[in-house]
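> Got a structure for you, questions after.
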6 protein chains.
Amino acid sequence: MRKNKKKQKQNQPKEFLPAIRGLEVKIYLRNGEEIKGEILSISTYEIIVKTKEGKDLLIFKHAIDFIDYFQKT
Amino acid sequence: MRKNKKKQKQNQPKEFLPAIRGLEVKIYLRNGEEIKGEILSISTYEIIVKTKEGKDLLIFKHAIDFIDYFQKT
Amino acid sequence: MRKNKKKQKQNQPKEFLPAIRGLEVKIYLRNGEEIKGEILSISTYEIIVKTKEGKDLLIFKHAIDFIDYFQKT
Amino acid sequence: MRKNKKKQKQNQPKEFLPAIRGLEVKIYLRNGEEIKGEILSISTYEIIVKTKEGKDLLIFKHAIDFIDYFQKT
Amino acid sequence: MRKNKKKQKQNQPKEFLPAIRGLEVKIYLRNGEEIKGEILSISTYEIIVKTKEGKDLLIFKHAIDFIDYFQKT
Amino acid sequence: MRKNKKKQKQNQPKEFLPAIRGLEVKIYLRNGEEIKGEILSISTYEIIVKTKEGKDLLIFKHAIDFIDYFQKT
């Protein structure tokens with residue numbers, strides 16, 4: 001495992017979430033729930049998601065395990 | 001996934017919680033509990049919630065998975 | 001969801017825990033335990049609680065889900 | 001809930017763990033385990049504990065829920 | 001346990017994830033799921049993984065327990 | 001509980017992990033798994049472990065509950 005990773009690190013983007021805003025997403029939470037919808041907005045520690053059922057939810061990033069994203073169809 | 005996300009990031013709001021203060025909320029905690037009430041105040045790591053039963057609770061943000069919010073009716 | 005939340009944020013208190021020090025509390029932990037007692041002191045990441053049984057406990061804030069607090073009777 | 005908590009905050013100690021170093025402790029972990037022993041040393045995110053069985057363990061603070069402490073007998 | 005660890009610390013690399021980008025990985029999540037694929041990109045708190053099934057997933061680092069990595073075959 | 005802990009704190013080492021690098025370890029993870037091996041290297045949030053079976057694993061520190069360590073025999 002090489003040690004001069006500084007350069008790679010400096011090119012690291014800050015956050016991928018803004019790149020999937022507006023796409024169809026399936027959000028897997030730490031409690032086992034899966035939320036389908038669209039990411040409307042993003043703050044430092046939270047996101048606002050419009051669910052398929054038309055509800056807005058404030059979700060904390062710390063509660064998200066991973067996100068599956070799709071081009072809208 | 002494009003890399004120049006810096007601009008988007010700079011426009012990111014700090015926190016959405018203040019925008020739902022005073023609304024009717026349903027808070028989903030990491031322990032599976034759901035707390036219905038109203039967010040009275042917000043600190044860096046905590047919120048104070050008045051529950052439907054009229055109790056004030058100090059809830060740590062780290063314990064919250066997501067929040068459903070409604071216009072008061 | 002409006003974006004100029006900076007002002008609201010600047011008025012945000014740092015922490016609510018000091019305001020409930022000395023009150024009767026019921027602390028709900030992430031492991032499901034409930035600890036009844038009184039908050040004696042507060043550090044950056046911990047609190048010292050005197051339980052109803054007269055024991056002092058050092059509790060990490062990260063382990064607390066929420067706190068119910070009461071005026072002493 | 002009053003808002004001028006700044007002064008209280010400034011008097012807040014950084015960490016209570018050093019004050020219970022050397023005492024007999026019972027450490028309750030997030031996985032349900034209880035470790036009996038004595039805190040030997042403390043770093044930013046870890047502690048070294050000598051267990052009752054004479055083993056040294058490196059425990060991460062993030063894994064600790066709370067600590068019961070006793071004067072050695 | 002010696003105390004002058006400052007030098008060792010200064011030589012510490014920031015992050016090992018960039019060194020396994022492009023390799024075949026098996027990611028073990030806190031929810032018990034195992035995701036097989038390849039790490040495509042890395043941000044401060046997230047990674048993008050192309051799964052064996054050809055799906056891109058945004059995974060939060062906080063949800064990862066450990067990663068098994070292999071030279072591609 | 002005395003309040004002038006500043007001095008103790010300043011003498012606190014940053015991290016104990018480097019002191020057990022190279023020793024035989026048993027790592028207890030938050031998911032209940034136990035990994036036996038040797039810590040090869042340490043970054044800010046991760047460690048690389050060579051398991052007894054000869055596999056290298058990237059383990060996130062946040063997933064570790066505690067580590068039992070032994071002099072190699």
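Order determines the names: the first chain of the structure tokens is A, the second B, and so forth; residues in each chain are numbered 1 upward, and ligands are numbered 1 upward as they are shown.
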As a list in words, please: the residues near segment 38-54 of chain C (cut-off 8 Å, only C-alpha atoms, same-chain neighbours under 2 positions excluded).
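Neighbouring residues, sequence-local ones excluded: Leu17, Pro18, Ile20, Arg21, Gly22, Leu23, Glu24, Val25, Ile35, Lys36, Asp56, Leu57, Leu58, Ile59, Phe60, Lys61 and His62 of chain C; Gln12, Pro13, Lys14, Glu15 and Phe16 of chain D.
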> Write out the residues from the selection above, keeping C-alpha atoms, as a JSON list (two decimals), in the first residue's frame.

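part_4.json was written with the following content:
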[["chain", "number", "residue", "atom", "x", "y", "z"],
["C", 17, "LEU", "CA", -28.14, 20.09, 28.29],
["C", 18, "PRO", "CA", -26.93, 22.78, 30.74],
["C", 20, "ILE", "CA", -31.79, 20.78, 32.34],
["C", 21, "ARG", "CA", -28.93, 20.17, 34.79],
["C", 22, "GLY", "CA", -30.34, 19.66, 38.25],
["C", 23, "LEU", "CA", -33.78, 18.62, 37.00],
["C", 24, "GLU", "CA", -35.16, 15.13, 37.35],
["C", 25, "VAL", "CA", -34.44, 13.32, 34.06],
["C", 35, "ILE", "CA", -31.75, 5.76, 33.37],
["C", 36, "LYS", "CA", -33.58, 7.90, 35.91],
["C", 56, "ASP", "CA", -22.85, 8.24, 39.68],
["C", 57, "LEU", "CA", -22.56, 7.19, 36.01],
["C", 58, "LEU", "CA", -20.45, 8.64, 33.21],
["C", 59, "ILE", "CA", -22.67, 8.54, 30.12],
["C", 60, "PHE", "CA", -21.46, 9.35, 26.61],
["C", 61, "LYS", "CA", -23.75, 11.76, 24.76],
["C", 62, "HIS", "CA", -23.38, 9.63, 21.62],
["D", 12, "GLN", "CA", -17.49, 23.10, 30.87],
["D", 13, "PRO", "CA", -14.68, 20.63, 31.48],
["D", 14, "LYS", "CA", -13.29, 18.92, 28.39],
["D", 15, "GLU", "CA", -13.60, 15.33, 29.51],
["D", 16, "PHE", "CA", -14.50, 13.38, 32.68]]
> The coordinates of chain E, once least-squares superposed on chain B over all sequentially paired C-alpha atoms, should be supplied as a PDB file with N, CA and C atoms, in the first residue's frame.

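So the final result, stored in selection28.pdb, reads:
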ATOM      1  N   MET E   1     -20.002  11.001 -13.434  1.00  0.00           N
ATOM      2  CA  MET E   1     -20.159  11.880 -12.260  1.00  0.00           C
ATOM      3  C   MET E   1     -19.171  13.038 -12.383  1.00  0.00           C
ATOM      4  N   ARG E   2     -19.658  14.232 -12.642  1.00  0.00           N
ATOM      5  CA  ARG E   2     -18.759  15.386 -12.854  1.00  0.00           C
ATOM      6  C   ARG E   2     -18.073  15.829 -11.566  1.00  0.00           C
ATOM      7  N   LYS E   3     -16.932  16.519 -11.718  1.00  0.00           N
ATOM      8  CA  LYS E   3     -16.125  16.797 -10.536  1.00  0.00           C
ATOM      9  C   LYS E   3     -16.217  18.236 -10.014  1.00  0.00           C
ATOM     10  N   ASN E   4     -16.650  19.187 -10.818  1.00  0.00           N
ATOM     11  CA  ASN E   4     -16.652  20.588 -10.338  1.00  0.00           C
ATOM     12  C   ASN E   4     -17.951  20.905  -9.598  1.00  0.00           C
ATOM     13  N   LYS E   5     -18.044  20.324  -8.399  1.00  0.00           N
ATOM     14  CA  LYS E   5     -19.255  20.495  -7.605  1.00  0.00           C
ATOM     15  C   LYS E   5     -19.096  21.630  -6.598  1.00  0.00           C
ATOM     16  N   LYS E   6     -17.955  22.314  -6.660  1.00  0.00           N
ATOM     17  CA  LYS E   6     -17.688  23.341  -5.652  1.00  0.00           C
ATOM     18  C   LYS E   6     -18.789  24.391  -5.598  1.00  0.00           C
ATOM     19  N   LYS E   7     -19.227  24.846  -6.766  1.00  0.00           N
ATOM     20  CA  LYS E   7     -20.225  25.913  -6.754  1.00  0.00           C
ATOM     21  C   LYS E   7     -21.522  25.442  -6.105  1.00  0.00           C
ATOM     22  N   GLN E   8     -22.006  24.280  -6.527  1.00  0.00           N
ATOM     23  CA  GLN E   8     -23.223  23.732  -5.924  1.00  0.00           C
ATOM     24  C   GLN E   8     -23.085  23.698  -4.404  1.00  0.00           C
ATOM     25  N   LYS E   9     -21.920  23.275  -3.965  1.00  0.00           N
ATOM     26  CA  LYS E   9     -21.673  23.113  -2.538  1.00  0.00           C
ATOM     27  C   LYS E   9     -21.762  24.453  -1.799  1.00  0.00           C
ATOM     28  N   GLN E  10     -21.204  25.499  -2.434  1.00  0.00           N
ATOM     29  CA  GLN E  10     -21.202  26.792  -1.748  1.00  0.00           C
ATOM     30  C   GLN E  10     -22.609  27.331  -1.545  1.00  0.00           C
ATOM     31  N   ASN E  11     -23.542  26.929  -2.406  1.00  0.00           N
ATOM     32  CA  ASN E  11     -24.918  27.379  -2.251  1.00  0.00           C
ATOM     33  C   ASN E  11     -25.710  26.510  -1.274  1.00  0.00           C
ATOM     34  N   GLN E  12     -25.084  25.454  -0.781  1.00  0.00           N
ATOM     35  CA  GLN E  12     -25.795  24.541   0.118  1.00  0.00           C
ATOM     36  C   GLN E  12     -26.189  25.241   1.415  1.00  0.00           C
ATOM     37  N   PRO E  13     -27.468  25.118   1.804  1.00  0.00           N
ATOM     38  CA  PRO E  13     -27.848  25.649   3.118  1.00  0.00           C
ATOM     39  C   PRO E  13     -27.185  24.830   4.220  1.00  0.00           C
ATOM     40  N   LYS E  14     -27.054  25.436   5.393  1.00  0.00           N
ATOM     41  CA  LYS E  14     -26.405  24.774   6.513  1.00  0.00           C
ATOM     42  C   LYS E  14     -27.282  23.668   7.091  1.00  0.00           C
ATOM     43  N   GLU E  15     -28.569  23.970   7.236  1.00  0.00           N
ATOM     44  CA  GLU E  15     -29.419  23.049   7.990  1.00  0.00           C
ATOM     45  C   GLU E  15     -30.889  23.315   7.661  1.00  0.00           C
ATOM     46  N   PHE E  16     -31.674  22.241   7.423  1.00  0.00           N
ATOM     47  CA  PHE E  16     -33.098  22.403   7.093  1.00  0.00           C
ATOM     48  C   PHE E  16     -33.992  22.432   8.332  1.00  0.00           C
ATOM     49  N   LEU E  17     -33.509  21.951   9.461  1.00  0.00           N
ATOM     50  CA  LEU E  17     -34.358  21.877  10.658  1.00  0.00           C
ATOM     51  C   LEU E  17     -35.044  23.200  10.997  1.00  0.00           C
ATOM     52  N   PRO E  18     -34.334  24.352  10.968  1.00  0.00           N
ATOM     53  CA  PRO E  18     -35.021  25.602  11.336  1.00  0.00           C
ATOM     54  C   PRO E  18     -36.239  25.885  10.459  1.00  0.00           C
ATOM     55  N   ALA E  19     -36.236  25.389   9.218  1.00  0.00           N
ATOM     56  CA  ALA E  19     -37.367  25.658   8.320  1.00  0.00           C
ATOM     57  C   ALA E  19     -38.612  24.856   8.680  1.00  0.00           C
ATOM     58  N   ILE E  20     -38.475  23.812   9.490  1.00  0.00           N
ATOM     59  CA  ILE E  20     -39.669  23.038   9.875  1.00  0.00           C
ATOM     60  C   ILE E  20     -40.020  23.242  11.354  1.00  0.00           C
ATOM     61  N   ARG E  21     -39.333  24.174  11.998  1.00  0.00           N
ATOM     62  CA  ARG E  21     -39.688  24.513  13.387  1.00  0.00           C
ATOM     63  C   ARG E  21     -41.102  25.078  13.403  1.00  0.00           C
ATOM     64  N   GLY E  22     -41.895  24.621  14.350  1.00  0.00           N
ATOM     65  CA  GLY E  22     -43.264  25.126  14.469  1.00  0.00           C
ATOM     66  C   GLY E  22     -44.272  24.291  13.697  1.00  0.00           C
ATOM     67  N   LEU E  23     -43.802  23.488  12.752  1.00  0.00           N
ATOM     68  CA  LEU E  23     -44.728  22.606  12.024  1.00  0.00           C
ATOM     69  C   LEU E  23     -45.007  21.352  12.849  1.00  0.00           C
ATOM     70  N   GLU E  24     -46.062  20.673  12.468  1.00  0.00           N
ATOM     71  CA  GLU E  24     -46.339  19.376  13.062  1.00  0.00           C
ATOM     72  C   GLU E  24     -45.337  18.376  12.482  1.00  0.00           C
ATOM     73  N   VAL E  25     -44.658  17.608  13.336  1.00  0.00           N
ATOM     74  CA  VAL E  25     -43.663  16.652  12.836  1.00  0.00           C
ATOM     75  C   VAL E  25     -43.875  15.264  13.431  1.00  0.00           C
ATOM     76  N   LYS E  26     -43.369  14.297  12.690  1.00  0.00           N
ATOM     77  CA  LYS E  26     -43.291  12.924  13.196  1.00  0.00           C
ATOM     78  C   LYS E  26     -41.829  12.538  13.049  1.00  0.00           C
ATOM     79  N   ILE E  27     -41.175  12.282  14.171  1.00  0.00           N
ATOM     80  CA  ILE E  27     -39.730  12.046  14.201  1.00  0.00           C
ATOM     81  C   ILE E  27     -39.474  10.556  14.353  1.00  0.00           C
ATOM     82  N   TYR E  28     -38.729  10.001  13.415  1.00  0.00           N
ATOM     83  CA  TYR E  28     -38.405   8.571  13.443  1.00  0.00           C
ATOM     84  C   TYR E  28     -37.008   8.397  14.028  1.00  0.00           C
ATOM     85  N   LEU E  29     -36.919   7.740  15.193  1.00  0.00           N
ATOM     86  CA  LEU E  29     -35.635   7.571  15.873  1.00  0.00           C
ATOM     87  C   LEU E  29     -34.962   6.253  15.490  1.00  0.00           C
ATOM     88  N   ARG E  30     -33.642   6.181  15.713  1.00  0.00           N
ATOM     89  CA  ARG E  30     -32.861   4.983  15.383  1.00  0.00           C
ATOM     90  C   ARG E  30     -33.297   3.766  16.194  1.00  0.00           C
ATOM     91  N   ASN E  31     -33.988   4.001  17.332  1.00  0.00           N
ATOM     92  CA  ASN E  31     -34.427   2.876  18.157  1.00  0.00           C
ATOM     93  C   ASN E  31     -35.800   2.357  17.732  1.00  0.00           C
ATOM     94  N   GLY E  32     -36.342   2.918  16.644  1.00  0.00           N
ATOM     95  CA  GLY E  32     -37.627   2.459  16.163  1.00  0.00           C
ATOM     96  C   GLY E  32     -38.810   3.283  16.668  1.00  0.00           C
ATOM     97  N   GLU E  33     -38.574   4.141  17.666  1.00  0.00           N
ATOM     98  CA  GLU E  33     -39.670   4.957  18.204  1.00  0.00           C
ATOM     99  C   GLU E  33     -40.050   6.068  17.228  1.00  0.00           C
ATOM    100  N   GLU E  34     -41.330   6.442  17.264  1.00  0.00           N
ATOM    101  CA  GLU E  34     -41.810   7.582  16.484  1.00  0.00           C
ATOM    102  C   GLU E  34     -42.403   8.593  17.454  1.00  0.00           C
ATOM    103  N   ILE E  35     -41.928   9.822  17.372  1.00  0.00           N
ATOM    104  CA  ILE E  35     -42.379  10.867  18.293  1.00  0.00           C
ATOM    105  C   ILE E  35     -43.124  11.933  17.499  1.00  0.00           C
ATOM    106  N   LYS E  36     -44.390  12.152  17.850  1.00  0.00           N
ATOM    107  CA  LYS E  36     -45.196  13.179  17.193  1.00  0.00           C
ATOM    108  C   LYS E  36     -45.191  14.442  18.022  1.00  0.00           C
ATOM    109  N   GLY E  37     -45.043  15.588  17.374  1.00  0.00           N
ATOM    110  CA  GLY E  37     -45.070  16.829  18.129  1.00  0.00           C
ATOM    111  C   GLY E  37     -44.672  18.008  17.277  1.00  0.00           C
ATOM    112  N   GLU E  38     -43.943  18.937  17.906  1.00  0.00           N
ATOM    113  CA  GLU E  38     -43.554  20.181  17.239  1.00  0.00           C
ATOM    114  C   GLU E  38     -42.149  20.527  17.716  1.00  0.00           C
ATOM    115  N   ILE E  39     -41.276  20.923  16.790  1.00  0.00           N
ATOM    116  CA  ILE E  39     -39.918  21.317  17.165  1.00  0.00           C
ATOM    117  C   ILE E  39     -39.954  22.728  17.733  1.00  0.00           C
ATOM    118  N   LEU E  40     -39.549  22.873  19.009  1.00  0.00           N
ATOM    119  CA  LEU E  40     -39.581  24.189  19.654  1.00  0.00           C
ATOM    120  C   LEU E  40     -38.277  24.940  19.449  1.00  0.00           C
ATOM    121  N   SER E  41     -37.146  24.238  19.613  1.00  0.00           N
ATOM    122  CA  SER E  41     -35.874  24.932  19.441  1.00  0.00           C
ATOM    123  C   SER E  41     -34.791  23.947  19.030  1.00  0.00           C
ATOM    124  N   ILE E  42     -33.711  24.512  18.525  1.00  0.00           N
ATOM    125  CA  ILE E  42     -32.669  23.733  17.852  1.00  0.00           C
ATOM    126  C   ILE E  42     -31.314  24.238  18.315  1.00  0.00           C
ATOM    127  N   SER E  43     -30.452  23.307  18.766  1.00  0.00           N
ATOM    128  CA  SER E  43     -29.065  23.677  19.061  1.00  0.00           C
ATOM    129  C   SER E  43     -28.158  22.908  18.106  1.00  0.00           C
ATOM    130  N   THR E  44     -26.879  23.017  18.297  1.00  0.00           N
ATOM    131  CA  THR E  44     -25.951  22.390  17.348  1.00  0.00           C
ATOM    132  C   THR E  44     -26.207  20.889  17.207  1.00  0.00           C
ATOM    133  N   TYR E  45     -26.408  20.192  18.304  1.00  0.00           N
ATOM    134  CA  TYR E  45     -26.554  18.736  18.236  1.00  0.00           C
ATOM    135  C   TYR E  45     -27.889  18.205  18.770  1.00  0.00           C
ATOM    136  N   GLU E  46     -28.775  19.119  19.216  1.00  0.00           N
ATOM    137  CA  GLU E  46     -30.023  18.662  19.858  1.00  0.00           C
ATOM    138  C   GLU E  46     -31.216  19.453  19.331  1.00  0.00           C
ATOM    139  N   ILE E  47     -32.411  18.900  19.558  1.00  0.00           N
ATOM    140  CA  ILE E  47     -33.629  19.685  19.367  1.00  0.00           C
ATOM    141  C   ILE E  47     -34.517  19.493  20.596  1.00  0.00           C
ATOM    142  N   ILE E  48     -35.366  20.505  20.863  1.00  0.00           N
ATOM    143  CA  ILE E  48     -36.386  20.379  21.905  1.00  0.00           C
ATOM    144  C   ILE E  48     -37.718  20.205  21.184  1.00  0.00           C
ATOM    145  N   VAL E  49     -38.427  19.131  21.531  1.00  0.00           N
ATOM    146  CA  VAL E  49     -39.698  18.827  20.887  1.00  0.00           C
ATOM    147  C   VAL E  49     -40.812  18.820  21.929  1.00  0.00           C
ATOM    148  N   LYS E  50     -41.914  19.503  21.608  1.00  0.00           N
ATOM    149  CA  LYS E  50     -43.110  19.385  22.443  1.00  0.00           C
ATOM    150  C   LYS E  50     -43.953  18.287  21.832  1.00  0.00           C
ATOM    151  N   THR E  51     -44.153  17.213  22.584  1.00  0.00           N
ATOM    152  CA  THR E  51     -44.911  16.087  22.043  1.00  0.00           C
ATOM    153  C   THR E  51     -46.405  16.396  22.044  1.00  0.00           C
ATOM    154  N   LYS E  52     -47.136  15.570  21.313  1.00  0.00           N
ATOM    155  CA  LYS E  52     -48.599  15.710  21.246  1.00  0.00           C
ATOM    156  C   LYS E  52     -49.219  15.647  22.641  1.00  0.00           C
ATOM    157  N   GLU E  53     -48.548  14.898  23.533  1.00  0.00           N
ATOM    158  CA  GLU E  53     -49.055  14.744  24.908  1.00  0.00           C
ATOM    159  C   GLU E  53     -48.661  15.927  25.790  1.00  0.00           C
ATOM    160  N   GLY E  54     -47.921  16.904  25.215  1.00  0.00           N
ATOM    161  CA  GLY E  54     -47.596  18.098  25.980  1.00  0.00           C
ATOM    162  C   GLY E  54     -46.285  18.036  26.749  1.00  0.00           C
ATOM    163  N   LYS E  55     -45.499  16.982  26.527  1.00  0.00           N
ATOM    164  CA  LYS E  55     -44.191  16.829  27.186  1.00  0.00           C
ATOM    165  C   LYS E  55     -43.096  17.479  26.347  1.00  0.00           C
ATOM    166  N   ASP E  56     -42.127  18.108  27.000  1.00  0.00           N
ATOM    167  CA  ASP E  56     -40.932  18.558  26.290  1.00  0.00           C
ATOM    168  C   ASP E  56     -39.857  17.478  26.365  1.00  0.00           C
ATOM    169  N   LEU E  57     -39.246  17.173  25.223  1.00  0.00           N
ATOM    170  CA  LEU E  57     -38.160  16.191  25.171  1.00  0.00           C
ATOM    171  C   LEU E  57     -36.930  16.830  24.534  1.00  0.00           C
ATOM    172  N   LEU E  58     -35.761  16.491  25.060  1.00  0.00           N
ATOM    173  CA  LEU E  58     -34.493  16.877  24.425  1.00  0.00           C
ATOM    174  C   LEU E  58     -34.046  15.675  23.593  1.00  0.00           C
ATOM    175  N   ILE E  59     -34.026  15.836  22.280  1.00  0.00           N
ATOM    176  CA  ILE E  59     -33.658  14.733  21.382  1.00  0.00           C
ATOM    177  C   ILE E  59     -32.327  15.048  20.705  1.00  0.00           C
ATOM    178  N   PHE E  60     -31.409  14.096  20.717  1.00  0.00           N
ATOM    179  CA  PHE E  60     -30.149  14.294  20.009  1.00  0.00           C
ATOM    180  C   PHE E  60     -30.341  14.052  18.506  1.00  0.00           C
ATOM    181  N   LYS E  61     -29.821  14.953  17.686  1.00  0.00           N
ATOM    182  CA  LYS E  61     -29.938  14.782  16.227  1.00  0.00           C
ATOM    183  C   LYS E  61     -29.360  13.440  15.778  1.00  0.00           C
ATOM    184  N   HIS E  62     -28.268  12.989  16.437  1.00  0.00           N
ATOM    185  CA  HIS E  62     -27.640  11.730  16.011  1.00  0.00           C
ATOM    186  C   HIS E  62     -28.582  10.532  16.155  1.00  0.00           C
ATOM    187  N   ALA E  63     -29.650  10.687  16.942  1.00  0.00           N
ATOM    188  CA  ALA E  63     -30.582   9.575  17.151  1.00  0.00           C
ATOM    189  C   ALA E  63     -31.753   9.603  16.173  1.00  0.00           C
ATOM    190  N   ILE E  64     -31.814  10.643  15.356  1.00  0.00           N
ATOM    191  CA  ILE E  64     -32.938  10.787  14.423  1.00  0.00           C
ATOM    192  C   ILE E  64     -32.585  10.189  13.067  1.00  0.00           C
ATOM    193  N   ASP E  65     -33.472   9.363  12.528  1.00  0.00           N
ATOM    194  CA  ASP E  65     -33.298   8.841  11.175  1.00  0.00           C
ATOM    195  C   ASP E  65     -33.910   9.806  10.159  1.00  0.00           C
ATOM    196  N   PHE E  66     -35.187  10.099  10.312  1.00  0.00           N
ATOM    197  CA  PHE E  66     -35.800  11.085   9.412  1.00  0.00           C
ATOM    198  C   PHE E  66     -37.021  11.706  10.064  1.00  0.00           C
ATOM    199  N   ILE E  67     -37.495  12.786   9.456  1.00  0.00           N
ATOM    200  CA  ILE E  67     -38.603  13.562  10.018  1.00  0.00           C
ATOM    201  C   ILE E  67     -39.626  13.809   8.918  1.00  0.00           C
ATOM    202  N   ASP E  68     -40.852  13.444   9.213  1.00  0.00           N
ATOM    203  CA  ASP E  68     -41.983  13.733   8.354  1.00  0.00           C
ATOM    204  C   ASP E  68     -42.613  15.028   8.894  1.00  0.00           C
ATOM    205  N   TYR E  69     -42.902  15.997   8.019  1.00  0.00           N
ATOM    206  CA  TYR E  69     -43.448  17.271   8.529  1.00  0.00           C
ATOM    207  C   TYR E  69     -44.706  17.668   7.766  1.00  0.00           C
ATOM    208  N   PHE E  70     -45.578  18.364   8.458  1.00  0.00           N
ATOM    209  CA  PHE E  70     -46.914  18.706   7.955  1.00  0.00           C
ATOM    210  C   PHE E  70     -47.224  20.147   8.306  1.00  0.00           C
ATOM    211  N   GLN E  71     -48.012  20.803   7.460  1.00  0.00           N
ATOM    212  CA  GLN E  71     -48.586  22.091   7.871  1.00  0.00           C
ATOM    213  C   GLN E  71     -49.577  21.801   8.972  1.00  0.00           C
ATOM    214  N   LYS E  72     -49.577  22.646  10.009  1.00  0.00           N
ATOM    215  CA  LYS E  72     -50.518  22.457  11.133  1.00  0.00           C
ATOM    216  C   LYS E  72     -51.947  22.563  10.637  1.00  0.00           C
ATOM    217  N   THR E  73     -52.795  21.727  11.189  1.00  0.00           N
ATOM    218  CA  THR E  73     -54.194  21.725  10.752  1.00  0.00           C
ATOM    219  C   THR E  73     -55.114  22.051  11.914  1.00  0.00           C
TER     220      THR E  73
END
> Any chance you could list, as a PyMOL selection string, the residues in chain D that come up strand (DSSP E) when DSSP is run on the backbone?
chain D and resi 24-29+34-42+46-51+56-60+64-70
> Next, write the just-selected residues to a file, as an mmCIF file, in the first residue's frame, keeping C-alpha atoms as the atom set.

data_model
loop_
_atom_site.group_PDB
_atom_site.id
_atom_site.type_symbol
_atom_site.label_atom_id
_atom_site.label_comp_id
_atom_site.auth_asym_id
_atom_site.auth_seq_id
_atom_site.Cartn_x
_atom_site.Cartn_y
_atom_site.Cartn_z
ATOM 1 C CA GLU D 24 -12.589 0.320 39.480
ATOM 2 C CA VAL D 25 -14.950 0.613 36.501
ATOM 3 C CA LYS D 26 -17.655 -1.353 34.746
ATOM 4 C CA ILE D 27 -17.859 -0.332 31.099
ATOM 5 C CA TYR D 28 -21.097 -0.912 29.188
ATOM 6 C CA LEU D 29 -20.479 -1.298 25.443
ATOM 7 C CA GLU D 34 -19.830 -5.306 30.144
ATOM 8 C CA ILE D 35 -16.113 -5.024 30.859
ATOM 9 C CA LYS D 36 -14.886 -4.802 34.447
ATOM 10 C CA GLY D 37 -11.458 -3.396 35.160
ATOM 11 C CA GLU D 38 -9.455 -0.196 35.499
ATOM 12 C CA ILE D 39 -8.766 2.597 32.994
ATOM 13 C CA LEU D 40 -4.983 2.766 32.507
ATOM 14 C CA SER D 41 -4.702 5.468 29.875
ATOM 15 C CA ILE D 42 -6.765 7.708 27.634
ATOM 16 C CA GLU D 46 -9.575 5.363 22.795
ATOM 17 C CA ILE D 47 -8.923 4.085 26.293
ATOM 18 C CA ILE D 48 -6.693 1.263 27.533
ATOM 19 C CA VAL D 49 -8.395 -0.882 30.168
ATOM 20 C CA LYS D 50 -6.847 -3.558 32.376
ATOM 21 C CA THR D 51 -9.602 -6.099 32.881
ATOM 22 C CA ASP D 56 -5.184 -5.071 28.480
ATOM 23 C CA LEU D 57 -7.846 -3.995 25.975
ATOM 24 C CA LEU D 58 -7.925 -1.027 23.610
ATOM 25 C CA ILE D 59 -11.523 0.217 23.659
ATOM 26 C CA PHE D 60 -12.878 2.908 21.324
ATOM 27 C CA ILE D 64 -18.985 2.864 25.074
ATOM 28 C CA ASP D 65 -22.515 3.632 26.237
ATOM 29 C CA PHE D 66 -21.764 4.436 29.876
ATOM 30 C CA ILE D 67 -19.341 3.702 32.699
ATOM 31 C CA ASP D 68 -20.093 2.835 36.290
ATOM 32 C CA TYR D 69 -17.177 3.710 38.603
ATOM 33 C CA PHE D 70 -16.273 2.797 42.178
#
> Residues of chain D in helix (DSSP H, G or I) according to DSSP, as a list in words?
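DSSP-assigned helix (DSSP H, G or I) residues in chain D: Lys6, Lys7, Gln8, Lys9, Gln10, Leu17, Pro18, Ala19, Ile20, Lys61, His62 and Ala63 of chain D.
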